[in-house]
>>> print(open('data.tsv').read())   # TSV, C-alpha atoms
chain	number	residue	atom	x	y	z
A	1	MET	CA	10.63	5.61	-11.91
A	2	LEU	CA	9.89	3.27	-14.79
A	3	ARG	CA	6.68	1.25	-14.38
A	4	LEU	CA	6.07	-1.96	-16.31
A	5	GLU	CA	3.07	-4.29	-16.11
A	6	ALA	CA	2.46	-7.82	-17.38
A	7	VAL	CA	-0.19	-10.51	-17.04
A	8	ALA	CA	1.39	-13.82	-16.07
A	9	ARG	CA	-0.07	-16.99	-17.50
A	10	ASP	CA	2.27	-19.46	-15.77
A	11	ALA	CA	2.29	-20.48	-12.12
A	12	PHE	CA	3.01	-17.79	-9.54
A	13	HIS	CA	6.53	-18.86	-8.51
A	14	ALA	CA	7.57	-19.76	-12.06
A	15	SER	CA	6.54	-16.32	-13.34
A	16	VAL	CA	8.25	-14.42	-10.51
A	17	ASN	CA	11.41	-16.45	-11.12
A	18	ALA	CA	11.22	-15.81	-14.89
A	19	ALA	CA	10.87	-12.07	-14.27
A	20	SER	CA	13.81	-12.02	-11.87
A	21	GLU	CA	16.00	-13.94	-14.32
A	22	ALA	CA	14.98	-11.63	-17.19
A	23	ILE	CA	16.02	-8.58	-15.17
A	24	THR	CA	19.37	-10.19	-14.36
A	25	ARG	CA	20.02	-11.27	-17.98
A	26	ALA	CA	19.36	-7.70	-19.12
A	27	GLY	CA	22.10	-6.45	-16.80
A	28	GLY	CA	19.86	-5.32	-13.96
A	29	TRP	CA	19.21	-6.48	-10.42
A	30	VAL	CA	16.16	-6.86	-8.20
A	31	SER	CA	16.29	-4.40	-5.31
A	32	GLY	CA	13.05	-5.40	-3.58
A	33	HIS	CA	9.75	-7.15	-3.97
A	34	SER	CA	6.19	-7.38	-2.65
A	35	LEU	CA	4.12	-10.53	-3.02
A	36	LEU	CA	0.42	-9.90	-2.68
A	37	SER	CA	-1.21	-13.25	-2.04
A	38	ASP	CA	-1.27	-15.27	-5.27
A	39	ALA	CA	-2.85	-12.48	-7.30
A	40	MET	CA	-0.02	-9.99	-7.80
A	41	ALA	CA	3.75	-9.59	-7.41
A	42	VAL	CA	5.76	-6.38	-7.61
A	43	LEU	CA	9.50	-6.45	-8.31
A	44	GLN	CA	11.56	-3.29	-7.80
A	45	PHE	CA	14.68	-3.25	-9.94
A	46	GLU	CA	17.59	-1.18	-11.18
A	47	ILE	CA	18.86	-1.47	-14.75
A	48	PRO	CA	21.29	0.42	-16.98
A	49	GLY	CA	19.25	2.84	-19.08
A	50	ASP	CA	20.73	1.64	-22.34
A	51	ARG	CA	19.41	-1.92	-21.72
A	52	LEU	CA	15.69	-1.17	-21.40
A	53	HIS	CA	14.79	-2.68	-24.76
A	54	GLU	CA	16.77	-5.79	-23.89
A	55	LEU	CA	14.76	-6.08	-20.66
A	56	VAL	CA	11.46	-5.99	-22.55
A	57	GLU	CA	12.76	-8.67	-24.95
A	58	GLU	CA	13.93	-10.90	-22.07
A	59	LEU	CA	10.58	-10.55	-20.29
A	60	GLY	CA	8.77	-11.46	-23.51
A	61	ALA	CA	10.98	-14.53	-23.94
A	62	GLY	CA	9.93	-15.59	-20.44
A	63	GLY	CA	6.25	-15.31	-21.33
A	64	LEU	CA	5.73	-11.88	-19.77
A	65	LYS	CA	4.64	-9.50	-22.52
A	66	THR	CA	5.09	-5.83	-21.70
A	67	GLU	CA	5.94	-2.57	-23.44
A	68	LEU	CA	8.02	0.43	-22.51
A	69	PRO	CA	5.98	3.53	-21.66
A	70	ALA	CA	5.96	6.26	-24.32
A	71	GLY	CA	8.31	8.58	-22.40
A	72	ALA	CA	10.90	5.94	-21.44
A	73	SER	CA	14.39	7.13	-22.22
A	74	SER	CA	17.37	4.91	-23.00
A	75	ARG	CA	20.02	7.06	-21.40
A	76	GLY	CA	23.18	5.53	-19.96
A	77	ALA	CA	22.47	6.10	-16.25
A	78	ASP	CA	20.89	3.38	-14.10
A	79	ILE	CA	17.09	3.53	-13.96
A	80	SER	CA	14.87	2.48	-11.08
A	81	GLY	CA	11.83	0.53	-12.09
A	82	ARG	CA	8.91	-1.50	-10.89
A	83	LEU	CA	7.46	-4.54	-12.64
A	84	THR	CA	3.94	-5.51	-11.59
A	85	LEU	CA	2.84	-9.04	-12.43
A	86	TYR	CA	-0.87	-9.83	-12.40
A	87	PHE	CA	-2.01	-13.45	-12.12
A	88	ARG	CA	-5.29	-14.32	-13.79
A	89	GLN	CA	-5.65	-17.62	-11.99
A	90	GLY	CA	-4.94	-16.05	-8.59
A	91	SER	CA	-7.70	-16.32	-6.03
A	92	GLY	CA	-6.41	-13.43	-3.97
A	93	ASP	CA	-6.39	-15.65	-0.91
A	94	LEU	CA	-3.69	-18.02	0.23
A	95	ARG	CA	-4.78	-20.30	3.04
A	96	ARG	CA	-2.21	-20.87	5.76
A	97	ASP	CA	-2.50	-23.26	8.66
A	98	VAL	CA	-2.57	-21.31	11.90
A	99	PRO	CA	-1.39	-23.23	14.93
A	100	PRO	CA	-3.75	-23.26	17.91
A	101	PHE	CA	-2.92	-20.86	20.69
A	102	GLN	CA	-4.14	-20.51	24.27
>>> encode(input="data.tsv", output="structure tokens")
Amino acid sequence: MLRLEAVARDAFHASVNAASEAITRAGGWVSGHSLLSDAMAVLQFEIPGDRLHELVEELGAGGLKTELPAGASSRGADISGRLTLYFRQGSGDLRRDVPPFQ
């Protein structure tokens, strides 16, 4: 599995949306996600192996700078990957109103 990481400087939802659109523009698709408060988001994706460099370029254009790991291969088969976005401004705690219960 390919693992990419990036520090997001934009707002949480804008950065997650930019990452999702970058994956799609590079010919891939998002297969799952985990949102961890407002501090981190993880997008699981699939992408054709020959479009990895295009993915990195698209992420960079969206303000998410990342690099391919040293052993990443650009073979033709689809590759499973995970993009972890870290948010510097995230507090790690989202407050939600909890309705009263009896």
>>> atom_distance(input="data.tsv", atom1="atom CA of A:Gly32", atom2="atom CA of A:Arg3")
14.2 Å
>>> closest_residue(input="data.tsv", among="A:Ala19, A:Ile47, A:Ala26, A:Leu85", to="A:Gly62", atoms="all atoms listed in the file")
A:Ala19
>>> residues_around(input="data.tsv", residues="A:Asp10", least_positions_apart="3", cutoff="9 Å", atoms="all atoms listed in the file", output="compact mmCIF listing (two decimals) with C-alpha atoms, in the coordinates of the input")
# COMPACT_ATOMS: atom_id res chain seq x y z
CA HIS A 13 6.53 -18.86 -8.51
CA ALA A 14 7.57 -19.76 -12.06
CA SER A 15 6.54 -16.32 -13.34
CA GLY A 63 6.25 -15.31 -21.33
CA PHE A 87 -2.01 -13.45 -12.12
CA GLN A 89 -5.65 -17.62 -11.99
>>> atom_distance(input="data.tsv", atom1="atom CA of A:Ile79", atom2="atom CA of A:Gly49")
5.6 Å
>>> closest_residue(input="data.tsv", among="A:Met1, A:Ala11, A:Val16, A:Ile23", to="A:Leu59", atoms="all atoms listed in the file")
A:Ile23
>>> closest_residue(input="data.tsv", among="A:Pro99, A:Ser20, A:Leu2, A:Ala61", to="A:Asp78", atoms="all atoms listed in the file")
A:Leu2
>>> atom_distance(input="data.tsv", atom1="atom CA of A:Leu68", atom2="atom CA of A:Val42")
16.5 Å
